[in-house]
Amino acid sequence: MNEGLISKRYAKALYYHASDMGEETLLYHRMQMLEVLLHKMPEFKAYIKSPMISVKEKIRLLTNATGKNPEQSYLDFVNLVIANHRSDMLLLITLSFQRLYRSKKKISVVHLISAKKLSGKAIERIRRLTERKTQGKVEFSTHIDPSIDGGFIFQLNDIRIDASVKGQLDRISRRLAQINKSII
């Protein structure tokens, strides 16, 4: 069966289960923590997937890994995933859950990359404009990348606008290469 389909089904069931318990927002933040652990700690991910580790130990680790006093919906989720031998899909399920939560709550994700640090006023203005255009909330992150040489890269959910100097030079270079090929 398709892993994307499985993760979406688990995420959807988890969302509605947590929603019925009034825990969907708390669970959303816990799933963000779990995602970070799975991304940044490959040994954690390998440990959870290992057939050598007991079910009880996996449940204990996942229960304690994301902080104290986990929600009942999270505990139910951990038990279900481990019992059904789906620990290899934890990352996909956490990502699917977050995507579904954002969709239901009308939350957009914005990543803004600039060559230099932007002022707080500029960032807040961009955030307000984005919230107004999307008619929802915005999770906003900024990153400084001097290699773009100037300008910015703005990503809103799946839409990416590359207005960086490096991006413009790359596009010009590709266009010139195409023109050069057609001449020869």
# chains A, B, ... in the order shown; residues from 1 in each chain; ligands from 1
$ select_by_dssp --residues "segment 8-149 of chain A" --states "helix (DSSP H, G or I)" --output "ChimeraX atom specification"
/A:8-20,24-40,42-49,55-65,72-83,87-105,120-134,146-148
$ write_last_selection --atoms "C-alpha atoms" --output "short mmCIF file (atom, residue, chain, number, x, y, z; two decimals), in the first residue's frame"
data_model
loop_
_atom_site.label_atom_id
_atom_site.label_comp_id
_atom_site.auth_asym_id
_atom_site.auth_seq_id
_atom_site.Cartn_x
_atom_site.Cartn_y
_atom_site.Cartn_z
CA LYS A 8 -2.67 10.44 5.59
CA ARG A 9 -5.16 7.93 6.98
CA TYR A 10 -3.36 7.75 10.32
CA ALA A 11 -3.07 11.55 10.42
CA LYS A 12 -6.74 12.04 9.62
CA ALA A 13 -7.86 9.54 12.25
CA LEU A 14 -5.53 11.12 14.78
CA TYR A 15 -6.75 14.62 13.99
CA TYR A 16 -10.40 13.71 14.50
CA HIS A 17 -9.63 11.69 17.62
CA ALA A 18 -7.67 14.61 19.12
CA SER A 19 -10.33 17.07 18.01
CA ASP A 20 -13.04 15.05 19.75
CA GLU A 24 -5.74 19.01 18.51
CA THR A 25 -3.75 22.20 19.14
CA LEU A 26 -1.69 20.67 21.95
CA LEU A 27 -1.11 17.61 19.80
CA TYR A 28 -0.06 19.80 16.85
CA HIS A 29 2.76 21.29 18.95
CA ARG A 30 3.77 17.85 20.20
CA MET A 31 3.89 16.55 16.62
CA GLN A 32 6.16 19.45 15.69
CA MET A 33 8.54 18.37 18.47
CA LEU A 34 8.40 14.76 17.30
CA GLU A 35 9.17 15.86 13.74
CA VAL A 36 12.28 17.72 14.91
CA LEU A 37 13.46 14.66 16.84
CA LEU A 38 12.94 12.37 13.85
CA HIS A 39 14.68 14.79 11.47
CA LYS A 40 17.64 15.84 13.56
CA PRO A 42 18.81 9.74 13.05
CA GLU A 43 19.79 7.48 15.96
CA PHE A 44 16.41 8.19 17.61
CA LYS A 45 14.60 7.26 14.41
CA ALA A 46 16.71 4.10 13.99
CA TYR A 47 16.08 3.11 17.62
CA ILE A 48 12.32 3.45 17.22
CA LYS A 49 12.37 1.39 14.00
CA VAL A 55 7.37 -2.59 22.07
CA LYS A 56 7.25 -1.45 25.68
CA GLU A 57 10.59 0.40 25.34
CA LYS A 58 9.52 2.10 22.09
CA ILE A 59 6.30 3.29 23.69
CA ARG A 60 8.18 4.57 26.74
CA LEU A 61 10.69 6.43 24.58
CA LEU A 62 8.08 8.04 22.34
CA THR A 63 5.95 8.96 25.35
CA ASN A 64 8.84 10.74 27.10
CA ALA A 65 10.63 12.16 24.05
CA GLN A 72 -4.27 11.15 25.83
CA SER A 73 -4.63 11.40 22.05
CA TYR A 74 -0.82 11.30 21.72
CA LEU A 75 -0.59 8.26 24.01
CA ASP A 76 -3.31 6.53 21.98
CA PHE A 77 -1.45 7.40 18.78
CA VAL A 78 1.88 6.04 20.03
CA ASN A 79 0.27 2.79 21.17
CA LEU A 80 -1.56 2.36 17.85
CA VAL A 81 1.50 3.08 15.68
CA ILE A 82 3.76 0.75 17.64
CA ALA A 83 1.12 -2.02 17.91
CA SER A 87 7.09 3.11 13.51
CA ASP A 88 8.90 3.43 10.18
CA MET A 89 6.13 5.84 9.12
CA LEU A 90 6.21 8.13 12.15
CA LEU A 91 7.81 11.04 10.29
CA LEU A 92 5.34 10.85 7.41
CA ILE A 93 2.42 10.65 9.83
CA THR A 94 3.63 13.67 11.83
CA LEU A 95 4.06 15.68 8.62
CA SER A 96 0.62 14.63 7.34
CA PHE A 97 -0.97 15.51 10.68
CA GLN A 98 0.63 18.97 10.66
CA ARG A 99 -0.46 19.58 7.06
CA LEU A 100 -4.05 18.55 7.91
CA TYR A 101 -4.09 20.68 11.08
CA ARG A 102 -2.87 23.74 9.16
CA SER A 103 -5.47 23.17 6.48
CA LYS A 104 -8.30 22.87 9.01
CA LYS A 105 -7.14 25.91 10.99
CA GLY A 120 11.57 43.60 12.86
CA LYS A 121 9.27 46.16 11.23
CA ALA A 122 9.86 44.71 7.75
CA ILE A 123 9.22 41.16 8.95
CA GLU A 124 6.05 42.19 10.78
CA ARG A 125 4.79 44.06 7.71
CA ILE A 126 5.36 41.01 5.50
CA ARG A 127 3.59 38.83 8.07
CA ARG A 128 0.55 41.15 8.21
CA LEU A 129 0.33 41.36 4.40
CA THR A 130 0.53 37.58 4.12
CA GLU A 131 -2.18 37.10 6.77
CA ARG A 132 -4.40 39.57 4.97
CA LYS A 133 -3.89 37.87 1.58
CA THR A 134 -4.35 34.31 2.91
CA PRO A 146 24.54 35.46 2.33
CA SER A 147 25.09 33.18 -0.68
CA ILE A 148 21.98 34.60 -2.40
#
$ closest_atom_pairs --of "segment 86-113 of chain A" --to "segment 140-144 of chain A" --cutoff "7 Å" --atoms "only C-alpha atoms" --output "JSON lines"
{"residue": "A:Val109", "atom": "CA", "partner": "A:Phe140", "partner_atom": "CA", "distance": 6.2}
{"residue": "A:Val110", "atom": "CA", "partner": "A:Phe140", "partner_atom": "CA", "distance": 4.8}
{"residue": "A:His111", "atom": "CA", "partner": "A:Ser141", "partner_atom": "CA", "distance": 5.0}
{"residue": "A:Leu112", "atom": "CA", "partner": "A:Thr142", "partner_atom": "CA", "distance": 4.7}
{"residue": "A:Ile113", "atom": "CA", "partner": "A:His143", "partner_atom": "CA", "distance": 4.8}
$ select_by_dssp --residues "segment 113-176 of chain A" --states "strand (DSSP E)" --output "count of residues only"
19
